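Student: Handing over model_26.txt, compact mmCIF, N, CA and C atoms.
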```
# COMPACT_ATOMS: atom_id res chain seq x y z
N MET A 1 10.29 4.77 -19.90
CA MET A 1 8.86 4.51 -19.95
C MET A 1 8.13 5.76 -19.46
N ASP A 2 7.26 6.30 -20.30
CA ASP A 2 6.50 7.49 -19.96
C ASP A 2 5.13 7.06 -19.42
N VAL A 3 4.91 7.30 -18.13
CA VAL A 3 3.69 6.86 -17.47
C VAL A 3 3.02 8.06 -16.82
N SER A 4 1.70 8.12 -16.92
CA SER A 4 0.95 9.26 -16.36
C SER A 4 1.00 9.26 -14.83
N LYS A 5 0.81 10.44 -14.26
CA LYS A 5 0.74 10.56 -12.81
C LYS A 5 -0.45 9.80 -12.25
N THR A 6 -1.53 9.74 -13.01
CA THR A 6 -2.71 9.01 -12.57
C THR A 6 -2.39 7.52 -12.42
N LYS A 7 -1.67 6.98 -13.40
CA LYS A 7 -1.32 5.56 -13.36
C LYS A 7 -0.35 5.28 -12.22
N THR A 8 0.67 6.11 -12.06
CA THR A 8 1.64 5.86 -10.98
C THR A 8 0.96 5.98 -9.61
N SER A 9 0.05 6.93 -9.46
CA SER A 9 -0.68 7.07 -8.20
C SER A 9 -1.52 5.83 -7.93
N PHE A 10 -2.21 5.35 -8.95
CA PHE A 10 -3.04 4.15 -8.82
C PHE A 10 -2.18 2.95 -8.46
N TYR A 11 -1.09 2.74 -9.18
CA TYR A 11 -0.20 1.61 -8.91
C TYR A 11 0.41 1.72 -7.51
N ARG A 12 0.78 2.92 -7.09
CA ARG A 12 1.34 3.12 -5.75
C ARG A 12 0.35 2.66 -4.69
N ARG A 13 -0.91 3.02 -4.85
CA ARG A 13 -1.94 2.63 -3.89
C ARG A 13 -2.13 1.11 -3.90
N LEU A 14 -2.17 0.52 -5.09
CA LEU A 14 -2.32 -0.93 -5.16
C LEU A 14 -1.15 -1.64 -4.50
N TYR A 15 0.06 -1.16 -4.75
CA TYR A 15 1.25 -1.80 -4.21
C TYR A 15 1.30 -1.67 -2.69
N VAL A 16 0.98 -0.50 -2.16
CA VAL A 16 0.97 -0.29 -0.71
C VAL A 16 -0.07 -1.21 -0.06
N ALA A 17 -1.25 -1.31 -0.66
CA ALA A 17 -2.28 -2.20 -0.12
C ALA A 17 -1.79 -3.65 -0.14
N TRP A 18 -1.14 -4.05 -1.23
CA TRP A 18 -0.61 -5.41 -1.33
C TRP A 18 0.46 -5.66 -0.28
N LEU A 19 1.37 -4.70 -0.08
CA LEU A 19 2.41 -4.86 0.94
C LEU A 19 1.81 -5.05 2.32
N ILE A 20 0.78 -4.27 2.62
CA ILE A 20 0.11 -4.38 3.93
C ILE A 20 -0.56 -5.74 4.06
N ASP A 21 -1.34 -6.11 3.06
CA ASP A 21 -2.10 -7.35 3.12
C ASP A 21 -1.21 -8.58 3.17
N SER A 22 -0.07 -8.52 2.50
CA SER A 22 0.85 -9.66 2.48
C SER A 22 1.67 -9.75 3.77
N GLY A 23 1.61 -8.69 4.60
CA GLY A 23 2.38 -8.67 5.83
C GLY A 23 3.81 -8.19 5.65
N ALA A 24 4.17 -7.84 4.42
CA ALA A 24 5.54 -7.40 4.13
C ALA A 24 5.85 -6.03 4.74
N ALA A 25 4.84 -5.18 4.86
CA ALA A 25 5.04 -3.84 5.42
C ALA A 25 3.70 -3.36 5.99
N THR A 26 3.61 -3.31 7.31
CA THR A 26 2.33 -2.94 7.92
C THR A 26 2.41 -1.65 8.73
N SER A 27 3.51 -0.93 8.60
CA SER A 27 3.67 0.36 9.28
C SER A 27 4.24 1.37 8.31
N VAL A 28 4.15 2.63 8.66
CA VAL A 28 4.71 3.67 7.79
C VAL A 28 6.21 3.48 7.62
N PRO A 29 6.99 3.26 8.70
CA PRO A 29 8.43 3.04 8.50
C PRO A 29 8.72 1.82 7.61
N ALA A 30 7.94 0.75 7.76
CA ALA A 30 8.16 -0.44 6.94
C ALA A 30 7.83 -0.16 5.48
N LEU A 31 6.77 0.62 5.23
CA LEU A 31 6.44 1.00 3.85
C LEU A 31 7.55 1.85 3.25
N MET A 32 8.09 2.75 4.04
CA MET A 32 9.20 3.60 3.57
C MET A 32 10.40 2.74 3.19
N GLU A 33 10.71 1.76 4.03
CA GLU A 33 11.86 0.89 3.78
C GLU A 33 11.63 0.01 2.54
N ALA A 34 10.42 -0.51 2.38
CA ALA A 34 10.13 -1.41 1.27
C ALA A 34 10.09 -0.69 -0.08
N THR A 35 9.72 0.59 -0.06
CA THR A 35 9.52 1.31 -1.32
C THR A 35 10.51 2.43 -1.57
N GLY A 36 11.09 2.96 -0.50
CA GLY A 36 11.96 4.12 -0.64
C GLY A 36 11.19 5.43 -0.69
N MET A 37 9.87 5.37 -0.50
CA MET A 37 9.09 6.61 -0.55
C MET A 37 9.26 7.40 0.75
N PRO A 38 9.15 8.71 0.66
CA PRO A 38 9.23 9.55 1.86
C PRO A 38 8.04 9.29 2.79
N ARG A 39 8.20 9.64 4.06
CA ARG A 39 7.16 9.43 5.07
C ARG A 39 5.84 10.05 4.63
N ARG A 40 5.87 11.28 4.18
CA ARG A 40 4.62 11.97 3.81
C ARG A 40 3.90 11.25 2.67
N THR A 41 4.66 10.76 1.70
CA THR A 41 4.06 10.02 0.59
C THR A 41 3.42 8.73 1.10
N ALA A 42 4.09 8.03 1.99
CA ALA A 42 3.54 6.80 2.56
C ALA A 42 2.24 7.10 3.32
N GLN A 43 2.25 8.16 4.12
CA GLN A 43 1.06 8.53 4.88
C GLN A 43 -0.08 8.94 3.96
N ASP A 44 0.23 9.74 2.96
CA ASP A 44 -0.80 10.18 2.00
C ASP A 44 -1.37 8.99 1.22
N THR A 45 -0.51 8.05 0.86
CA THR A 45 -0.96 6.88 0.11
C THR A 45 -1.89 6.02 0.97
N LEU A 46 -1.54 5.85 2.23
CA LEU A 46 -2.43 5.11 3.13
C LEU A 46 -3.80 5.78 3.22
N ALA A 47 -3.80 7.08 3.35
CA ALA A 47 -5.06 7.83 3.46
C ALA A 47 -5.87 7.72 2.17
N ALA A 48 -5.19 7.62 1.03
CA ALA A 48 -5.86 7.60 -0.27
C ALA A 48 -6.43 6.23 -0.64
N LEU A 49 -6.12 5.19 0.12
CA LEU A 49 -6.66 3.87 -0.20
C LEU A 49 -8.18 3.87 -0.17
N ALA A 50 -8.76 4.67 0.70
CA ALA A 50 -10.22 4.75 0.80
C ALA A 50 -10.84 5.26 -0.50
N ASP A 51 -10.09 6.06 -1.28
CA ASP A 51 -10.60 6.55 -2.57
C ASP A 51 -10.86 5.40 -3.54
N LEU A 52 -10.17 4.27 -3.32
CA LEU A 52 -10.36 3.09 -4.16
C LEU A 52 -11.29 2.08 -3.50
N ASP A 53 -11.94 2.50 -2.42
CA ASP A 53 -12.80 1.63 -1.61
C ASP A 53 -12.04 0.46 -1.00
N ILE A 54 -10.74 0.65 -0.78
CA ILE A 54 -9.95 -0.33 -0.04
C ILE A 54 -10.04 0.07 1.42
N ASP A 55 -10.57 -0.84 2.25
CA ASP A 55 -10.73 -0.56 3.67
C ASP A 55 -9.46 -0.97 4.40
N CYS A 56 -8.67 0.03 4.77
CA CYS A 56 -7.41 -0.18 5.47
C CYS A 56 -7.52 0.52 6.81
N ALA A 57 -7.18 -0.20 7.88
CA ALA A 57 -7.30 0.39 9.21
C ALA A 57 -6.11 -0.02 10.07
N PHE A 58 -5.77 0.86 11.00
CA PHE A 58 -4.72 0.55 11.96
C PHE A 58 -5.31 -0.34 13.03
N GLU A 59 -4.63 -1.44 13.33
CA GLU A 59 -5.10 -2.36 14.36
C GLU A 59 -4.09 -2.39 15.50
N GLN A 60 -4.57 -1.99 16.65
CA GLN A 60 -3.75 -1.99 17.87
C GLN A 60 -3.47 -3.43 18.28
N ARG A 61 -2.22 -3.72 18.65
CA ARG A 61 -1.90 -5.06 19.15
C ARG A 61 -2.49 -5.24 20.54
N GLU A 62 -3.02 -6.40 20.76
CA GLU A 62 -3.64 -6.73 22.05
C GLU A 62 -2.66 -6.51 23.19
N GLY A 63 -3.09 -5.76 24.19
CA GLY A 63 -2.28 -5.53 25.38
C GLY A 63 -1.15 -4.53 25.20
N GLU A 64 -1.04 -3.91 24.04
CA GLU A 64 0.03 -2.95 23.78
C GLU A 64 -0.50 -1.53 23.94
N ARG A 65 0.42 -0.59 24.13
CA ARG A 65 0.04 0.82 24.24
C ARG A 65 0.76 1.64 23.19
N ASN A 66 0.38 2.90 23.12
CA ASN A 66 1.08 3.88 22.27
C ASN A 66 1.15 3.48 20.80
N ASN A 67 0.01 3.13 20.25
CA ASN A 67 -0.09 2.83 18.82
C ASN A 67 0.81 1.69 18.36
N ALA A 68 1.03 0.70 19.23
CA ALA A 68 1.77 -0.49 18.82
C ALA A 68 0.82 -1.37 18.02
N GLY A 69 1.17 -1.69 16.82
CA GLY A 69 0.32 -2.50 15.95
C GLY A 69 0.70 -2.24 14.51
N GLY A 70 -0.24 -2.41 13.64
CA GLY A 70 0.03 -2.19 12.23
C GLY A 70 -1.24 -2.05 11.43
N TYR A 71 -1.08 -1.68 10.18
CA TYR A 71 -2.22 -1.52 9.27
C TYR A 71 -2.63 -2.88 8.73
N ALA A 72 -3.91 -3.01 8.45
CA ALA A 72 -4.45 -4.23 7.87
C ALA A 72 -5.51 -3.87 6.84
N ILE A 73 -5.58 -4.65 5.77
CA ILE A 73 -6.62 -4.48 4.77
C ILE A 73 -7.82 -5.30 5.22
N ARG A 74 -8.92 -4.62 5.46
CA ARG A 74 -10.14 -5.32 5.90
C ARG A 74 -11.00 -5.73 4.71
N ASP A 75 -10.94 -4.95 3.63
CA ASP A 75 -11.76 -5.25 2.45
C ASP A 75 -11.10 -4.61 1.24
N TRP A 76 -11.01 -5.36 0.16
CA TRP A 76 -10.39 -4.86 -1.07
C TRP A 76 -11.37 -4.11 -1.96
N GLY A 77 -12.65 -4.07 -1.60
CA GLY A 77 -13.62 -3.39 -2.45
C GLY A 77 -13.66 -4.04 -3.82
N ALA A 78 -13.61 -3.23 -4.86
CA ALA A 78 -13.69 -3.74 -6.24
C ALA A 78 -12.33 -4.16 -6.80
N ILE A 79 -11.28 -4.02 -6.02
CA ILE A 79 -9.93 -4.33 -6.49
C ILE A 79 -9.68 -5.84 -6.41
N ASP A 80 -9.09 -6.39 -7.46
CA ASP A 80 -8.76 -7.81 -7.53
C ASP A 80 -7.31 -8.01 -7.08
N LYS A 81 -7.17 -8.50 -5.85
CA LYS A 81 -5.83 -8.70 -5.29
C LYS A 81 -5.00 -9.66 -6.14
N ALA A 82 -5.64 -10.65 -6.74
CA ALA A 82 -4.91 -11.61 -7.57
C ALA A 82 -4.30 -10.92 -8.80
N TRP A 83 -4.99 -9.91 -9.35
CA TRP A 83 -4.46 -9.16 -10.48
C TRP A 83 -3.17 -8.45 -10.06
N ILE A 84 -3.17 -7.87 -8.88
CA ILE A 84 -1.98 -7.17 -8.38
C ILE A 84 -0.82 -8.15 -8.29
N GLU A 85 -1.07 -9.32 -7.71
CA GLU A 85 -0.01 -10.32 -7.56
C GLU A 85 0.55 -10.75 -8.91
N ARG A 86 -0.32 -10.92 -9.89
CA ARG A 86 0.13 -11.32 -11.23
C ARG A 86 0.94 -10.23 -11.91
N HIS A 87 0.68 -8.97 -11.57
CA HIS A 87 1.33 -7.84 -12.24
C HIS A 87 2.37 -7.13 -11.38
N LEU A 88 2.79 -7.76 -10.28
CA LEU A 88 3.77 -7.11 -9.40
C LEU A 88 5.04 -6.65 -10.12
N PRO A 89 5.64 -7.46 -10.99
CA PRO A 89 6.85 -6.98 -11.65
C PRO A 89 6.62 -5.69 -12.46
N VAL A 90 5.50 -5.62 -13.15
CA VAL A 90 5.18 -4.42 -13.94
C VAL A 90 4.92 -3.23 -13.03
N ILE A 91 4.14 -3.44 -11.97
CA ILE A 91 3.83 -2.36 -11.03
C ILE A 91 5.12 -1.81 -10.42
N LYS A 92 6.00 -2.69 -9.97
CA LYS A 92 7.25 -2.26 -9.36
C LYS A 92 8.15 -1.55 -10.37
N ALA A 93 8.14 -2.00 -11.61
CA ALA A 93 8.95 -1.36 -12.65
C ALA A 93 8.43 0.04 -12.95
N VAL A 94 7.11 0.19 -13.07
CA VAL A 94 6.52 1.51 -13.34
C VAL A 94 6.86 2.47 -12.21
N LEU A 95 6.80 1.98 -10.97
CA LEU A 95 7.07 2.84 -9.81
C LEU A 95 8.55 2.97 -9.49
N ASN A 96 9.38 2.16 -10.15
CA ASN A 96 10.82 2.14 -9.91
C ASN A 96 11.11 1.77 -8.46
N TYR A 97 10.40 0.75 -7.98
CA TYR A 97 10.59 0.23 -6.61
C TYR A 97 11.40 -1.04 -6.67
N PRO A 98 12.16 -1.30 -5.59
CA PRO A 98 12.99 -2.51 -5.56
C PRO A 98 12.16 -3.79 -5.53
```
Now, as a test, write the supplied structure out as structure tokens.
Tutor:
Amino acid sequence: MDVSKTKTSFYRRLYVAWLIDSGAATSVPALMEATGMPRRTAQDTLAALADLDIDCAFEQREGERNNAGGYAIRDWGAIDKAWIERHLPVIKAVLNYP
């Protein structure tokens, strides 16, 4: 399947946001484990969510120190989360993710 870099980048951002919102992966190491992507790619993808107007923020756990917590999606912007859920098999296939 020949897919553009623009499409794979878009799908990667959607999938990372979905993983965070679903609770499946809320940290960089968890995103790396769920997708197989390198640390830098995971970090860059998190930073790029704002380009899609997806509001993603790190939330410190109550009473914890040293960045204990995880990422959370505060607002999906114009993105339809239900569309992502309906198309997960296609998104994962395009990205070659497990």
Student: Extract the full set of helix (DSSP H, G or I) residues from chain A according to DSSP on the backbone, and format it as a ChimeraX atom specification.
Tutor: /A:5-22,28-35,39-52,81-86,88-95
Student: Take the residues that were just selected and, keeping N, CA and C atoms, output them as a short mmCIF file (atom, residue, chain, number, x, y, z; two decimals), in the coordinates of the input.
Tutor:
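Generated file (part_20.cif):
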```cif
data_model
loop_
_atom_site.label_atom_id
_atom_site.label_comp_id
_atom_site.auth_asym_id
_atom_site.auth_seq_id
_atom_site.Cartn_x
_atom_site.Cartn_y
_atom_site.Cartn_z
N LYS A 5 0.81 10.44 -14.26
CA LYS A 5 0.74 10.56 -12.81
C LYS A 5 -0.45 9.80 -12.25
N THR A 6 -1.53 9.74 -13.01
CA THR A 6 -2.71 9.01 -12.57
C THR A 6 -2.39 7.52 -12.42
N LYS A 7 -1.67 6.98 -13.40
CA LYS A 7 -1.32 5.56 -13.36
C LYS A 7 -0.35 5.28 -12.22
N THR A 8 0.67 6.11 -12.06
CA THR A 8 1.64 5.86 -10.98
C THR A 8 0.96 5.98 -9.61
N SER A 9 0.05 6.93 -9.46
CA SER A 9 -0.68 7.07 -8.20
C SER A 9 -1.52 5.83 -7.93
N PHE A 10 -2.21 5.35 -8.95
CA PHE A 10 -3.04 4.15 -8.82
C PHE A 10 -2.18 2.95 -8.46
N TYR A 11 -1.09 2.74 -9.18
CA TYR A 11 -0.20 1.61 -8.91
C TYR A 11 0.41 1.72 -7.51
N ARG A 12 0.78 2.92 -7.09
CA ARG A 12 1.34 3.12 -5.75
C ARG A 12 0.35 2.66 -4.69
N ARG A 13 -0.91 3.02 -4.85
CA ARG A 13 -1.94 2.63 -3.89
C ARG A 13 -2.13 1.11 -3.90
N LEU A 14 -2.17 0.52 -5.09
CA LEU A 14 -2.32 -0.93 -5.16
C LEU A 14 -1.15 -1.64 -4.50
N TYR A 15 0.06 -1.16 -4.75
CA TYR A 15 1.25 -1.80 -4.21
C TYR A 15 1.30 -1.67 -2.69
N VAL A 16 0.98 -0.50 -2.16
CA VAL A 16 0.97 -0.29 -0.71
C VAL A 16 -0.07 -1.21 -0.06
N ALA A 17 -1.25 -1.31 -0.66
CA ALA A 17 -2.28 -2.20 -0.12
C ALA A 17 -1.79 -3.65 -0.14
N TRP A 18 -1.14 -4.05 -1.23
CA TRP A 18 -0.61 -5.41 -1.33
C TRP A 18 0.46 -5.66 -0.28
N LEU A 19 1.37 -4.70 -0.08
CA LEU A 19 2.41 -4.86 0.94
C LEU A 19 1.81 -5.05 2.32
N ILE A 20 0.78 -4.27 2.62
CA ILE A 20 0.11 -4.38 3.93
C ILE A 20 -0.56 -5.74 4.06
N ASP A 21 -1.34 -6.11 3.06
CA ASP A 21 -2.10 -7.35 3.12
C ASP A 21 -1.21 -8.58 3.17
N SER A 22 -0.07 -8.52 2.50
CA SER A 22 0.85 -9.66 2.48
C SER A 22 1.67 -9.75 3.77
N VAL A 28 4.15 2.63 8.66
CA VAL A 28 4.71 3.67 7.79
C VAL A 28 6.21 3.48 7.62
N PRO A 29 6.99 3.26 8.70
CA PRO A 29 8.43 3.04 8.50
C PRO A 29 8.72 1.82 7.61
N ALA A 30 7.94 0.75 7.76
CA ALA A 30 8.16 -0.44 6.94
C ALA A 30 7.83 -0.16 5.48
N LEU A 31 6.77 0.62 5.23
CA LEU A 31 6.44 1.00 3.85
C LEU A 31 7.55 1.85 3.25
N MET A 32 8.09 2.75 4.04
CA MET A 32 9.20 3.60 3.57
C MET A 32 10.40 2.74 3.19
N GLU A 33 10.71 1.76 4.03
CA GLU A 33 11.86 0.89 3.78
C GLU A 33 11.63 0.01 2.54
N ALA A 34 10.42 -0.51 2.38
CA ALA A 34 10.13 -1.41 1.27
C ALA A 34 10.09 -0.69 -0.08
N THR A 35 9.72 0.59 -0.06
CA THR A 35 9.52 1.31 -1.32
C THR A 35 10.51 2.43 -1.57
N ARG A 39 8.20 9.64 4.06
CA ARG A 39 7.16 9.43 5.07
C ARG A 39 5.84 10.05 4.63
N ARG A 40 5.87 11.28 4.18
CA ARG A 40 4.62 11.97 3.81
C ARG A 40 3.90 11.25 2.67
N THR A 41 4.66 10.76 1.70
CA THR A 41 4.06 10.02 0.59
C THR A 41 3.42 8.73 1.10
N ALA A 42 4.09 8.03 1.99
CA ALA A 42 3.54 6.80 2.56
C ALA A 42 2.24 7.10 3.32
N GLN A 43 2.25 8.16 4.12
CA GLN A 43 1.06 8.53 4.88
C GLN A 43 -0.08 8.94 3.96
N ASP A 44 0.23 9.74 2.96
CA ASP A 44 -0.80 10.18 2.00
C ASP A 44 -1.37 8.99 1.22
N THR A 45 -0.51 8.05 0.86
CA THR A 45 -0.96 6.88 0.11
C THR A 45 -1.89 6.02 0.97
N LEU A 46 -1.54 5.85 2.23
CA LEU A 46 -2.43 5.11 3.13
C LEU A 46 -3.80 5.78 3.22
N ALA A 47 -3.80 7.08 3.35
CA ALA A 47 -5.06 7.83 3.46
C ALA A 47 -5.87 7.72 2.17
N ALA A 48 -5.19 7.62 1.03
CA ALA A 48 -5.86 7.60 -0.27
C ALA A 48 -6.43 6.23 -0.64
N LEU A 49 -6.12 5.19 0.12
CA LEU A 49 -6.66 3.87 -0.20
C LEU A 49 -8.18 3.87 -0.17
N ALA A 50 -8.76 4.67 0.70
CA ALA A 50 -10.22 4.75 0.80
C ALA A 50 -10.84 5.26 -0.50
N ASP A 51 -10.09 6.06 -1.28
CA ASP A 51 -10.60 6.55 -2.57
C ASP A 51 -10.86 5.40 -3.54
N LEU A 52 -10.17 4.27 -3.32
CA LEU A 52 -10.36 3.09 -4.16
C LEU A 52 -11.29 2.08 -3.50
N LYS A 81 -7.17 -8.50 -5.85
CA LYS A 81 -5.83 -8.70 -5.29
C LYS A 81 -5.00 -9.66 -6.14
N ALA A 82 -5.64 -10.65 -6.74
CA ALA A 82 -4.91 -11.61 -7.57
C ALA A 82 -4.30 -10.92 -8.80
N TRP A 83 -4.99 -9.91 -9.35
CA TRP A 83 -4.46 -9.16 -10.48
C TRP A 83 -3.17 -8.45 -10.06
N ILE A 84 -3.17 -7.87 -8.88
CA ILE A 84 -1.98 -7.17 -8.38
C ILE A 84 -0.82 -8.15 -8.29
N GLU A 85 -1.07 -9.32 -7.71
CA GLU A 85 -0.01 -10.32 -7.56
C GLU A 85 0.55 -10.75 -8.91
N ARG A 86 -0.32 -10.92 -9.89
CA ARG A 86 0.13 -11.32 -11.23
C ARG A 86 0.94 -10.23 -11.91
N LEU A 88 2.79 -7.76 -10.28
CA LEU A 88 3.77 -7.11 -9.40
C LEU A 88 5.04 -6.65 -10.12
N PRO A 89 5.64 -7.46 -10.99
CA PRO A 89 6.85 -6.98 -11.65
C PRO A 89 6.62 -5.69 -12.46
N VAL A 90 5.50 -5.62 -13.15
CA VAL A 90 5.18 -4.42 -13.94
C VAL A 90 4.92 -3.23 -13.03
N ILE A 91 4.14 -3.44 -11.97
CA ILE A 91 3.83 -2.36 -11.03
C ILE A 91 5.12 -1.81 -10.42
N LYS A 92 6.00 -2.69 -9.97
CA LYS A 92 7.25 -2.26 -9.36
C LYS A 92 8.15 -1.55 -10.37
N ALA A 93 8.14 -2.00 -11.61
CA ALA A 93 8.95 -1.36 -12.65
C ALA A 93 8.43 0.04 -12.95
N VAL A 94 7.11 0.19 -13.07
CA VAL A 94 6.52 1.51 -13.34
C VAL A 94 6.86 2.47 -12.21
N LEU A 95 6.80 1.98 -10.97
CA LEU A 95 7.07 2.84 -9.81
C LEU A 95 8.55 2.97 -9.49
#
```
Student: Which of these residues is nearest to A:Tyr15, using only C-alpha atoms: A:Thr45, A:Ala68, A:Glu59, A:Ala50?
Tutor: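 The closest residue to A:Tyr15 is A:Thr45.
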Student: When you draw a straight line from atom CA of A:Ala17 to atom N of A:Ser4, how long is it in Å?
Tutor: 20.1 Å
Student: Considering only C-alpha atoms, return as a ChimeraX atom specification whatever protein or nucleic-acid residues lie within 8 Å of A:Arg39, sequence-local ones (same chain, fewer than 3 positions apart) excluded.
Tutor: /A:28-29,32,42-43
Student: Interatomic distance between atom N of A:Ala57 and atom C of A:Gly70?
Tutor: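 Computing it gives 7.2 Å between the two atoms.
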Student: Going by DSSP on the backbone, which bits of chain A are strand (DSSP E)? Write them as a PyMOL selection string, please.
Tutor: chain A and resi 55-60+69-75
Student: Output N, CA and C atoms for every residue in that selection, as a PDB file, keeping the file's coordinate frame.
Tutor:
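Dumped to again_4.pdb:
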```
ATOM      1  N   ASP A  55     -10.570  -0.840   2.250  1.00  0.00           N
ATOM      2  CA  ASP A  55     -10.730  -0.560   3.670  1.00  0.00           C
ATOM      3  C   ASP A  55      -9.460  -0.970   4.400  1.00  0.00           C
ATOM      4  N   CYS A  56      -8.670   0.030   4.770  1.00  0.00           N
ATOM      5  CA  CYS A  56      -7.410  -0.180   5.470  1.00  0.00           C
ATOM      6  C   CYS A  56      -7.520   0.520   6.810  1.00  0.00           C
ATOM      7  N   ALA A  57      -7.180  -0.200   7.880  1.00  0.00           N
ATOM      8  CA  ALA A  57      -7.300   0.390   9.210  1.00  0.00           C
ATOM      9  C   ALA A  57      -6.110  -0.020  10.070  1.00  0.00           C
ATOM     10  N   PHE A  58      -5.770   0.860  11.000  1.00  0.00           N
ATOM     11  CA  PHE A  58      -4.720   0.550  11.960  1.00  0.00           C
ATOM     12  C   PHE A  58      -5.310  -0.340  13.030  1.00  0.00           C
ATOM     13  N   GLU A  59      -4.630  -1.440  13.330  1.00  0.00           N
ATOM     14  CA  GLU A  59      -5.100  -2.360  14.360  1.00  0.00           C
ATOM     15  C   GLU A  59      -4.090  -2.390  15.500  1.00  0.00           C
ATOM     16  N   GLN A  60      -4.570  -1.990  16.650  1.00  0.00           N
ATOM     17  CA  GLN A  60      -3.750  -1.990  17.870  1.00  0.00           C
ATOM     18  C   GLN A  60      -3.470  -3.430  18.280  1.00  0.00           C
ATOM     19  N   GLY A  69       1.170  -1.690  16.820  1.00  0.00           N
ATOM     20  CA  GLY A  69       0.320  -2.500  15.950  1.00  0.00           C
ATOM     21  C   GLY A  69       0.700  -2.240  14.510  1.00  0.00           C
ATOM     22  N   GLY A  70      -0.240  -2.410  13.640  1.00  0.00           N
ATOM     23  CA  GLY A  70       0.030  -2.190  12.230  1.00  0.00           C
ATOM     24  C   GLY A  70      -1.240  -2.050  11.430  1.00  0.00           C
ATOM     25  N   TYR A  71      -1.080  -1.680  10.180  1.00  0.00           N
ATOM     26  CA  TYR A  71      -2.220  -1.520   9.270  1.00  0.00           C
ATOM     27  C   TYR A  71      -2.630  -2.880   8.730  1.00  0.00           C
ATOM     28  N   ALA A  72      -3.910  -3.010   8.450  1.00  0.00           N
ATOM     29  CA  ALA A  72      -4.450  -4.230   7.870  1.00  0.00           C
ATOM     30  C   ALA A  72      -5.510  -3.870   6.840  1.00  0.00           C
ATOM     31  N   ILE A  73      -5.580  -4.650   5.770  1.00  0.00           N
ATOM     32  CA  ILE A  73      -6.620  -4.480   4.770  1.00  0.00           C
ATOM     33  C   ILE A  73      -7.820  -5.300   5.220  1.00  0.00           C
ATOM     34  N   ARG A  74      -8.920  -4.620   5.460  1.00  0.00           N
ATOM     35  CA  ARG A  74     -10.140  -5.320   5.900  1.00  0.00           C
ATOM     36  C   ARG A  74     -11.000  -5.730   4.710  1.00  0.00           C
ATOM     37  N   ASP A  75     -10.940  -4.950   3.630  1.00  0.00           N
ATOM     38  CA  ASP A  75     -11.760  -5.250   2.450  1.00  0.00           C
ATOM     39  C   ASP A  75     -11.100  -4.610   1.240  1.00  0.00           C
TER      40      ASP A  75
END
```
Student: Quick one: distance from atom CA of A:Ala93 to atom CA of A:Ile54 in Å, one decimal?
Tutor: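 Pair atom CA of A:Ala93 / atom CA of A:Ile54 returns 22.7 Å.
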Student: Go through A:Ala48, A:Asp2, A:Ile73, A:Lys7 one by one, measure the shortest atom-to-atom distance of each to A:Ser22 using all atoms listed in the file, and give the residue with the smallest value.
Tutor: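 Residue with the minimum atom-to-atom distance to A:Ser22: A:Ile73.
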Student: From the options A:His87, A:Ala25, A:Ala78, A:Leu46, which residue's atoms come nearest to A:Arg12, counting all atoms listed in the file?
Tutor: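 The closest residue to A:Arg12 is A:Leu46.
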Student: Looking at A:Pro98, A:Leu88, A:Arg61, A:Ala82, which one is nearest to A:Ala34, with distances taken over only C-alpha atoms?
Tutor: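 The closest residue to A:Ala34 is A:Pro98.
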Student: I want to know what sits within 6.5 Å of A:Gly69, based on only N, CA and C atoms, with residues of the same chain fewer than 2 positions away left out; could you give that as an MDAnalysis selection string?
Tutor: chainID A and resid 26 58:61 67 71
Student: Would you place a box with edges along x, y and z of the file around all atoms of stretch 54-64 of chain A listed there, add 5 Å to each of its six sides, and report the centre and edge lengths in Å to one decimal, as JSON?
Tutor:
```
{"center_x": -5.4, "center_y": -2.9, "center_z": 12.3, "size_x": 20.8, "size_y": 17.6, "size_z": 36.2}
```
